[in-house]
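Visitor: Can you keep this structure in mind? I'll have questions shortly.
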Amino acid sequence: MSRDIDPAVFRETLGHYPTGVAVVTAIADEGSPVGMIVGTFSSVSMDPPLIAFYPMSTSRSFAQVRTAKAFCVNVLASDQEPFCRKFATSGENKFDGVDWKPAPLGSPILDGAVSWIECTFEDVREAGDHFIVLGRVEDLAVERSTLPLLFFQGGYGKFSPGSFIAAPDPELIQAAQGAETMRSQVEELSVRFGVNCSVLARIGWDAVQVLAANHSPIDEPFPLGHRQPLIPPFGAVFMASSPDSAIDEWLGRAPDLSDARREINRAQLDRVRECGYSLLAAGPEMLERHQAVLSAFEQSDRLPRHQRVVQQVTLELADFFFTDLVAGERYSLANIVVLVAVGEGMSPMAVRMTGLPHGMSAEEIESCIDALKGIAA
Ligand SMILES: Cc1cc2nc3c(=O)[nH]c(=O)nc-3n(C[C@H](O)[C@H](O)[C@H](O)COP(=O)(O)O)c2cc1C
C-alpha cells in the first residue's frame with residue numbers, strides 16, 4: 001500500500017526533473033486551431049513510431065484537440081518563452097497574432113518552433129487525473145536547429161554544455177577595457193562628492209560592476225565583477241536605447257506580470273529615457289536585505305528557485321525607483337544611475353553613485369547627475 005503523498009512534496013520532488021516545452025496543436029472539429037503547452041512530451045517507440053504526452057483530464061484545450069483527426073507536437077525554442085505563456089493560459093484566443101502553416105494532415109506548425117511531429121491518435125487512456133495519449137507519428141521535421149526551451153523548478157532556461165575550462169567572456173573584457181578609459185574621471189567624482197562611483201556594463205541579462213572608486217565613508221558591499229540580474233524596474237537605464245524586442249524580454253523578466261505592473265515598469269522606462277538617469281530611494285534596511293539576497297544569488301548555481309527570491313526582493317524595491325525631483329525636498333538616495341554613450345557593438349554601460357549622504361537636497365542631487373552625465377558623454 002502506498003503511503004499518503006503530500007501534493008507539495010510531489011510537486012517539489014518532480015519539479016527537480018527538467019523537461020522540454022512543446023505546444024500540442026490541432027484543428028478542432030469546428031475548424032479552428034487549438035493548442036496547449038505540455039512538458040510531458042516524450043518519445044516512446046521507433047518501430048512502430050510512437051510518441052506520448054499526458055494532458056490533464058480537465059484541460060479544455062485537450063478536449064478540443066481530441067476532436068481532431070490528427071495533432072502536432074511543436075518543440076519550442078529557447079527564445080519562445082512568450083509563446084509558452086500564451087499557450088499555457090486557458091482561453092479562447094491562443095492563436096491570435098500567431099503565425100503557422102499546416103502540416104500534411106492540417107495540424108498547425110508554429111513559426112519559429114525547433115521541430116514538429118504530426119501524429120494520429122493511437123490510444124488515449126485514463127491515468128489518475130491525466131490521460132496518456134499515444135500518438136502514431138505520421139510525419140516530422142526539424143525546422144530550426146537551435147536550442148530548445150527547457151523548464152525546471154517552475155522556471156525557463158536553455159541547455160549550456162559543460163566545459164573543462166571557463167570560457168573567457170569577450171564582452172566582459174571589452175567592457176572592462178572601455179571602463180578603464182573613464183578611470184580618472186570616476187576617481188575624481190568619487191573624491192569630489194565623497195561617494196562611491198562605479199561603472200556597470202550590461203553583459204547578457206546582468207549588470208556587472210567593471211570599475212569602482214570608493215571614497216564614501218559608507219561601506220561599499222559590492223566587489224568588482226559583482227553581477228546583478230536585470231529585473232524591472234532595475235536596469236531601466238540599460239534598456240533606454242534597446243530595441244523593442246529586448247524591452248519586451250526585460251518587461252517579461254518581472255516577477256509580477258500583471259498588466260498594471262507592466263504599465264508601471266514601461267512608464268518608468270519612458271521617464272528614464274527622457275531624463276537619462278534613474279534614482280533609487282530605498283532605506284538602508286531594505287537595501288541590506290536586497291544586497292544579502294544578491295550576494296547569496298551570486299554564490300548559488302542560479303537555479304530558478306534562487307531567481308524567484310531575487311525577483312521578489314527586486315519587486316519590493318520597485319516602488320522606490322523614481323526620476324522626478326521636487327525643489328526644496330530632501331532625499332536619502334541609495335543610488336543614482338546614468339547611461340553612458342558607448343560605441344557601436346559595445347556592451348551598454350552606466351555610471352552609478354552609491355554611498356551618498358542622507359538628506360541631500362534636490363539641487364545637490366542634480367549636480368551629481370550633471371557630473372555623472374559629464375562622464376557619460
Ligand atoms: C512548462 C509547462 C508544462 C505543462 N505541461 C503540461 C502537461 O504536460 N499536461 C497538461 O495537461 N498541462 C500542462 N501544462 C499546463 C497547460 O498548458 C495549461 O494548463 C493549459 O494549456 C490550460 O489551458 P486549457 O484549460 O485550455 O487546457 C503545462 C504548462 C507549462 C507552463
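We name chains A, B, ... following the order of the C-alpha cells; residues begin at 1 in each chain, and ligands are numbered from 1 as shown.
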Check which residues of chain A sit at most 9 Å from ligand 1 using only C-alpha atoms and all ligand atoms, and return one row each with the closest pair of atoms and their distance in Å to one decimal, ordered by chain and rising number, as CSV.
Guide:
residue,atom,partner,partner_atom_place_in_ligand_line,distance
A:Thr19,CA,ligand 1,1 (C),7.7
A:Gly20,CA,ligand 1,1 (C),7.6
A:Val21,CA,ligand 1,1 (C),5.6
A:Ala22,CA,ligand 1,3 (C),7.8
A:Val23,CA,ligand 1,17 (O),8.0
A:Val34,CA,ligand 1,26 (O),8.6
A:Gly35,CA,ligand 1,21 (O),7.2
A:Met36,CA,ligand 1,21 (O),4.1
A:Ile37,CA,ligand 1,17 (O),3.7
A:Val38,CA,ligand 1,5 (N),3.4
A:Gly39,CA,ligand 1,5 (N),3.8
A:Thr40,CA,ligand 1,8 (O),4.0
A:Phe41,CA,ligand 1,8 (O),6.8
A:Phe53,CA,ligand 1,8 (O),6.4
A:Tyr54,CA,ligand 1,9 (N),5.1
A:Pro55,CA,ligand 1,11 (O),3.3
A:Met56,CA,ligand 1,11 (O),3.6
A:Ser57,CA,ligand 1,11 (O),7.2
A:Thr58,CA,ligand 1,25 (O),6.9
A:Ser59,CA,ligand 1,27 (O),3.6
A:Arg60,CA,ligand 1,25 (O),4.2
A:Ser61,CA,ligand 1,27 (O),3.9
A:Phe62,CA,ligand 1,27 (O),5.8
A:Ala63,CA,ligand 1,27 (O),7.9
A:Gln64,CA,ligand 1,26 (O),8.8
A:Cys84,CA,ligand 1,31 (C),6.4
A:Arg85,CA,ligand 1,31 (C),6.5
A:Lys86,CA,ligand 1,21 (O),8.5
A:Phe87,CA,ligand 1,21 (O),5.6
A:Ala88,CA,ligand 1,17 (O),3.6
A:Thr89,CA,ligand 1,22 (C),4.8
A:Ser90,CA,ligand 1,23 (O),3.4
A:Gly91,CA,ligand 1,26 (O),5.7
A:Glu92,CA,ligand 1,26 (O),7.6
A:Lys94,CA,ligand 1,26 (O),8.8
A:His130,CA,ligand 1,11 (O),7.0
A:Phe131,CA,ligand 1,11 (O),8.3
A:Leu150,CA,ligand 1,1 (C),8.0
A:Phe151,CA,ligand 1,1 (C),5.6
A:Phe152,CA,ligand 1,1 (C),8.2
A:Gly154,CA,ligand 1,1 (C),7.5
A:Gly155,CA,ligand 1,1 (C),8.2
A:Tyr156,CA,ligand 1,1 (C),7.9
Visitor: DSSP says strand (DSSP E or B) for which residues of range 83-228 of chain A? Put them as a VMD selection string?
Guide: chain A and resid 100 to 102 108 to 110 115 to 127 130 to 142 148 150 to 152 155 to 157 196 to 203 206 to 214 227 to 228
Visitor: What is the CA of Ser45 in chain A to CA of Ser115 in chain A distance in Å?
Guide: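 If I compute the distance from CA of Ser45 in chain A to CA of Ser115 in chain A, I get 17.9 Å.
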Visitor: Please measure the separation of CA of Gln80 in chain A and CA of Val208 in chain A, giving the value in Å to one decimal.
Guide: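 CA of Val208 in chain A lies 26.0 Å from CA of Gln80 in chain A.
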Visitor: Just the residues within 10 Å of Glu171 in chain A, please, counting only C-alpha atoms, with nothing from its chain fewer than 2 positions along; format it as a tab-separated table (two decimals) with C-alpha atoms, in the first residue's frame.
Guide:
chain	number	residue	atom	x	y	z
A	168	PRO	CA	36.71	33.90	-21.25
A	169	ASP	CA	33.86	36.33	-21.65
A	173	ILE	CA	36.82	42.01	-21.15
A	174	GLN	CA	35.87	44.61	-23.75
A	175	ALA	CA	33.58	46.38	-21.25
A	176	ALA	CA	36.31	46.45	-18.59
A	177	GLN	CA	38.73	47.96	-21.13
A	201	ALA	CA	28.26	47.09	-18.07
A	202	ARG	CA	25.31	45.12	-19.34
A	203	ILE	CA	26.52	41.57	-20.04
A	204	GLY	CA	23.65	39.36	-21.15
A	345	GLY	CA	28.86	46.96	-30.93
A	346	MET	CA	29.93	47.71	-27.32
A	347	SER	CA	28.04	46.48	-24.27
Visitor: For CA of Tyr331 in chain A and CA of Met360 in chain A, quote the distance in Å rounded to one decimal.
Guide: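 Atom-to-atom, CA of Tyr331 in chain A to CA of Met360 in chain A, that is 5.1 Å.
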Visitor: Applying 6 Å and only C-alpha atoms, which residues near Leu134 in chain A remain after dropping the ones on its own chain fewer than 3 positions away? List them as a PyMOL selection string.
Guide: chain A and resi 51-52+122-123
